[in-house]
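Before any comments, here is the structure.
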Amino acid sequence: MKKYKDIHEKFMSQALKLALKARGRTLPNPMVGALVVKNGRVIARGFHEKAGSPHAEVIALDKAGKSSRGAQLYVTLEPCVHFGRTPPCVNRIIASGIKEVFIGMIDPNPLNNGKGVSILRQNKIKVRVGFLEKDLRKANEVFIKYISQRIPFVTVKVAESLDGRIATRTGDSKWITSDKSRSFAHRMRGDFDAVMVGVNTVLRDNPRLDAWYSRRHPIKVIVDTQLSTPEDASLFGGNPNVILVTLPTRPGQETENRKVLAAKARILEVKEKSGQINLRDMLKRLAQLEIANILVEGGGTLIGSFFDEGLVDKAMFFISPKIIGGKEAIGSVMGRGITRIDSAIRLKDIKLRRLGEDLLIEGYPK
């Protein structure tokens, strides 16, 4: 059983568990949990279920009703002061008669960022901040990146052989990893706003890019400089929400294929960098569409470019105990790469997991 420094950490831990019930459903909002506590006993609970729905504090206070007067409120994230999809939470807290608020962490949203604490204190409500903040920041790492930098949180996912290959020299890649790994990856897709691949992956594998086990299917983003995605590609089936990222078309260069694809997908033109897609500009444009986190699944050239540009927030490598070999076999991470071993990208906070015969290594690039 985990030990807590005090009762406040214990209650905050309960609020965090509530928040995590909405994993994958709140973006671009954070996951938030709240408890109303009176005389040392939890009398009401609430969590933010999805973007646009009532916030955790409001749900808990509504459940508590008149009993909230003189009680304590525990909330994982600083209550909001601005009008968004819902009214400010601080107004509801002040009206409820809550006497003391315990806040896990300050809201990184510039529209809030300490203002909620100030307003509560101005209204004679005691406020204490800073409980389990490391755990809370980890839980809301996507929201923190998205709201503070205005670009999505990028997770790279690789399914490779023991010798780092994602396909043979003939392009055959089905299947390198086990059924168990693929099932895990499909469940994982439901936690993302978008799943991204390069057009070469589409041409080679013809993937559907759906999430088998989720009612929430991610947007499919294809990085396609020349707009060479086939009009009958499998990704246009199932969930039809597709974005094709490409370079601007000059006057007179409109192609018939572009017109056909424009009827099937959203064409997103972004800036150029050395003749290729400017990845940072692409991420900014996708964030403007309220895409807060992206799962980049391939291929090796696209993944290598993300690493080269320092745009990877998290890496997940599914490694199969198979050896493909061959100098022409396709590697999992291409791009420019490094020139010296001491410049290699290292992962921190590493986790290892067995999935059948496969090994999953995940961590955060330093």
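By convention in this document, the chains of the structure tokens carry letters A, B, ... by their order, each chain's residues are numbered from 1, and ligands are numbered from 1 in the order they are shown.
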
Quiz prompt | Surrounding residues of Glu290 of chain A excluding itself and chain neighbours under 2 positions, 9 Å, only C-alpha atoms, as a ChimeraX atom specification | solution = /A:27-28,152,193,286-288,292

Expected file: the selected residues, C-alpha atoms, as a PDB file, in the first residue's frame:
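Listed below is the output, part14.pdb:
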```
ATOM      1  CA  LEU A  27      -8.699  16.512 -24.913  1.00  0.00           C
ATOM      2  CA  PRO A  28      -7.996  19.312 -25.616  1.00  0.00           C
ATOM      3  CA  PRO A 152       0.564  18.519 -30.004  1.00  0.00           C
ATOM      4  CA  ASP A 193      -6.584  12.585 -31.249  1.00  0.00           C
ATOM      5  CA  LEU A 286      -2.753  20.580 -36.413  1.00  0.00           C
ATOM      6  CA  ALA A 287      -2.918  22.143 -32.941  1.00  0.00           C
ATOM      7  CA  GLN A 288      -5.137  24.866 -34.395  1.00  0.00           C
ATOM      8  CA  ALA A 292      -3.582  17.776 -28.823  1.00  0.00           C
TER       9      ALA A 292
END
```

Practice problem: Do a neighbour search on Phe236 of chain A at 10 Å with only C-alpha atoms, toss out local chain neighbours closer than 2 positions, and write the hits as a ChimeraX atom specification. | Solution: /A:207-209,220,230-234,238-242,261,264-265

Against segment 108-128 of chain A, which residues of segment 56-83 of chain A fall within 7 Å? For each one I want the closest pair of atoms and the distance in Å (one decimal), counting only C-alpha atoms, rows by chain and increasing residue number, as CSV.
```
residue,atom,partner,partner_atom,distance
A:Glu78,CA,A:Gly116,CA,6.3
A:Pro79,CA,A:Gly116,CA,5.6
A:Cys80,CA,A:Gly116,CA,5.8
A:Val81,CA,A:Gly116,CA,5.6
A:His82,CA,A:Leu111,CA,6.8
```

Residues from last step as file, N, CA, C and O atoms, as a compact mmCIF listing (two decimals), in the first residue's frame:
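The resulting file, selection_29.txt, is shown below:
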```
# COMPACT_ATOMS: atom_id res chain seq x y z
N GLU A 78 -5.92 23.52 -10.72
CA GLU A 78 -6.47 24.82 -10.34
C GLU A 78 -7.80 25.10 -11.05
O GLU A 78 -7.89 25.00 -12.28
N PRO A 79 -8.84 25.48 -10.32
CA PRO A 79 -10.14 25.80 -10.93
C PRO A 79 -10.02 26.95 -11.92
O PRO A 79 -9.24 27.90 -11.71
N CYS A 80 -10.80 26.88 -12.99
CA CYS A 80 -10.68 27.88 -14.06
C CYS A 80 -11.45 29.16 -13.73
O CYS A 80 -12.41 29.16 -12.96
N VAL A 81 -11.01 30.25 -14.35
CA VAL A 81 -11.63 31.56 -14.13
C VAL A 81 -12.23 32.12 -15.41
O VAL A 81 -12.85 33.19 -15.40
N HIS A 82 -12.04 31.43 -16.53
CA HIS A 82 -12.45 31.96 -17.83
C HIS A 82 -13.64 31.18 -18.39
O HIS A 82 -13.87 30.04 -18.04
```

Exercise. Run DSSP on the backbone and grab whatever in segment 91-296 of chain A lands in helix (DSSP H, G or I); send it over as number ranges by chain.
Key: A: 91-96, 115-122, 133-139, 141-149, 179-189, 199-205, 234-236, 256-262, 279-287

Write a file of the selected residues as an mmCIF file, in the first residue's frame, keeping C-alpha atoms.
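Writing done, so here's again.cif:
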```cif
data_model
loop_
_atom_site.group_PDB
_atom_site.id
_atom_site.type_symbol
_atom_site.label_atom_id
_atom_site.label_comp_id
_atom_site.auth_asym_id
_atom_site.auth_seq_id
_atom_site.Cartn_x
_atom_site.Cartn_y
_atom_site.Cartn_z
ATOM 1 C CA ASN A 91 -17.749 31.257 -9.273
ATOM 2 C CA ARG A 92 -19.433 27.954 -8.444
ATOM 3 C CA ILE A 93 -16.927 27.240 -5.663
ATOM 4 C CA ILE A 94 -17.423 30.681 -4.090
ATOM 5 C CA ALA A 95 -21.221 30.317 -4.203
ATOM 6 C CA SER A 96 -21.082 26.828 -2.661
ATOM 7 C CA LYS A 115 -5.739 33.541 -11.295
ATOM 8 C CA GLY A 116 -8.054 30.912 -9.844
ATOM 9 C CA VAL A 117 -6.049 30.763 -6.626
ATOM 10 C CA SER A 118 -6.015 34.566 -6.333
ATOM 11 C CA ILE A 119 -9.768 34.929 -6.791
ATOM 12 C CA LEU A 120 -10.545 32.219 -4.249
ATOM 13 C CA ARG A 121 -8.286 33.861 -1.680
ATOM 14 C CA GLN A 122 -9.789 37.279 -2.400
ATOM 15 C CA GLU A 133 2.335 17.331 -8.520
ATOM 16 C CA LYS A 134 4.763 14.949 -10.234
ATOM 17 C CA ASP A 135 2.017 12.348 -10.649
ATOM 18 C CA LEU A 136 -0.470 14.964 -11.803
ATOM 19 C CA ARG A 137 1.906 16.432 -14.382
ATOM 20 C CA LYS A 138 2.554 12.954 -15.769
ATOM 21 C CA ALA A 139 -1.189 12.261 -16.042
ATOM 22 C CA GLU A 141 1.467 15.638 -19.895
ATOM 23 C CA VAL A 142 -0.443 15.962 -23.174
ATOM 24 C CA PHE A 143 -2.561 18.886 -21.982
ATOM 25 C CA ILE A 144 0.461 20.669 -20.485
ATOM 26 C CA LYS A 145 2.427 20.467 -23.761
ATOM 27 C CA TYR A 146 -0.552 21.461 -25.891
ATOM 28 C CA ILE A 147 -1.732 24.406 -23.795
ATOM 29 C CA SER A 148 1.707 25.847 -23.018
ATOM 30 C CA GLN A 149 3.445 25.403 -26.410
ATOM 31 C CA ASP A 179 -0.998 -10.494 -32.093
ATOM 32 C CA LYS A 180 -0.731 -9.393 -28.484
ATOM 33 C CA SER A 181 1.408 -6.370 -29.395
ATOM 34 C CA ARG A 182 -0.898 -5.379 -32.232
ATOM 35 C CA SER A 183 -3.975 -5.640 -29.998
ATOM 36 C CA PHE A 184 -2.254 -3.462 -27.400
ATOM 37 C CA ALA A 185 -1.380 -0.901 -30.079
ATOM 38 C CA HIS A 186 -4.971 -0.757 -31.322
ATOM 39 C CA ARG A 187 -6.298 -0.192 -27.802
ATOM 40 C CA MET A 188 -3.703 2.538 -27.407
ATOM 41 C CA ARG A 189 -4.873 4.371 -30.541
ATOM 42 C CA VAL A 199 2.645 8.176 -47.585
ATOM 43 C CA ASN A 200 5.240 5.412 -48.153
ATOM 44 C CA THR A 201 3.630 3.430 -45.342
ATOM 45 C CA VAL A 202 0.261 3.863 -47.061
ATOM 46 C CA LEU A 203 1.689 2.703 -50.394
ATOM 47 C CA ARG A 204 3.529 -0.252 -48.869
ATOM 48 C CA ASP A 205 1.095 -1.516 -46.211
ATOM 49 C CA SER A 234 -8.048 1.431 -47.124
ATOM 50 C CA LEU A 235 -7.648 4.385 -44.760
ATOM 51 C CA PHE A 236 -10.619 6.067 -46.470
ATOM 52 C CA GLU A 256 -6.707 15.564 -61.120
ATOM 53 C CA ASN A 257 -5.560 13.353 -58.241
ATOM 54 C CA ARG A 258 -5.582 16.352 -55.911
ATOM 55 C CA LYS A 259 -9.176 17.136 -56.862
ATOM 56 C CA VAL A 260 -10.199 13.522 -56.222
ATOM 57 C CA LEU A 261 -8.426 13.401 -52.852
ATOM 58 C CA ALA A 262 -9.910 16.753 -51.808
ATOM 59 C CA LEU A 279 7.183 19.342 -39.319
ATOM 60 C CA ARG A 280 7.017 22.126 -36.738
ATOM 61 C CA ASP A 281 4.680 24.188 -38.915
ATOM 62 C CA MET A 282 2.585 21.065 -39.477
ATOM 63 C CA LEU A 283 2.249 20.510 -35.741
ATOM 64 C CA LYS A 284 1.223 24.123 -35.179
ATOM 65 C CA ARG A 285 -1.439 23.848 -37.866
ATOM 66 C CA LEU A 286 -2.753 20.580 -36.413
ATOM 67 C CA ALA A 287 -2.918 22.143 -32.941
#
```

Practice problem: Write down as a PyMOL selection string the residues belonging to segment 60-275 of chain A that are assigned strand (DSSP E or B) by DSSP computed on the backbone. | Solution: chain A and resi 72-77+100-105+126-129+153-160+165-167+194-198+219-223+242-246+266-269+272-273

Self-check item: Surrounding residues of Gly104 of chain A excluding itself and chain neighbours under 4 positions, 8 Å, only C-alpha atoms, as an NGL selection string
Solution: :A and (12 or 74-78 or 129-133 or 136)

Print the selection's residues with C-alpha atoms to a file, as a PDB file, in the first residue's frame.
```
ATOM      1  CA  MET A  12      -5.606  14.029  -3.785  1.00  0.00           C
ATOM      2  CA  TYR A  74      -9.829  18.689  -3.261  1.00  0.00           C
ATOM      3  CA  VAL A  75      -9.177  19.207  -6.971  1.00  0.00           C
ATOM      4  CA  THR A  76      -6.267  17.962  -9.070  1.00  0.00           C
ATOM      5  CA  LEU A  77      -5.954  21.145 -11.164  1.00  0.00           C
ATOM      6  CA  GLU A  78      -6.473  24.817 -10.336  1.00  0.00           C
ATOM      7  CA  VAL A 129      -1.390  24.251  -3.585  1.00  0.00           C
ATOM      8  CA  GLY A 130       1.037  21.455  -4.430  1.00  0.00           C
ATOM      9  CA  PHE A 131       0.033  17.839  -3.779  1.00  0.00           C
ATOM     10  CA  LEU A 132       1.311  14.866  -5.826  1.00  0.00           C
ATOM     11  CA  GLU A 133       2.335  17.331  -8.520  1.00  0.00           C
ATOM     12  CA  LEU A 136      -0.470  14.964 -11.803  1.00  0.00           C
TER      13      LEU A 136
END
```

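Across the model, the gap from atom CA of Lys314 of chain A to atom CA of Arg353 of chain A is 15.6 Å.
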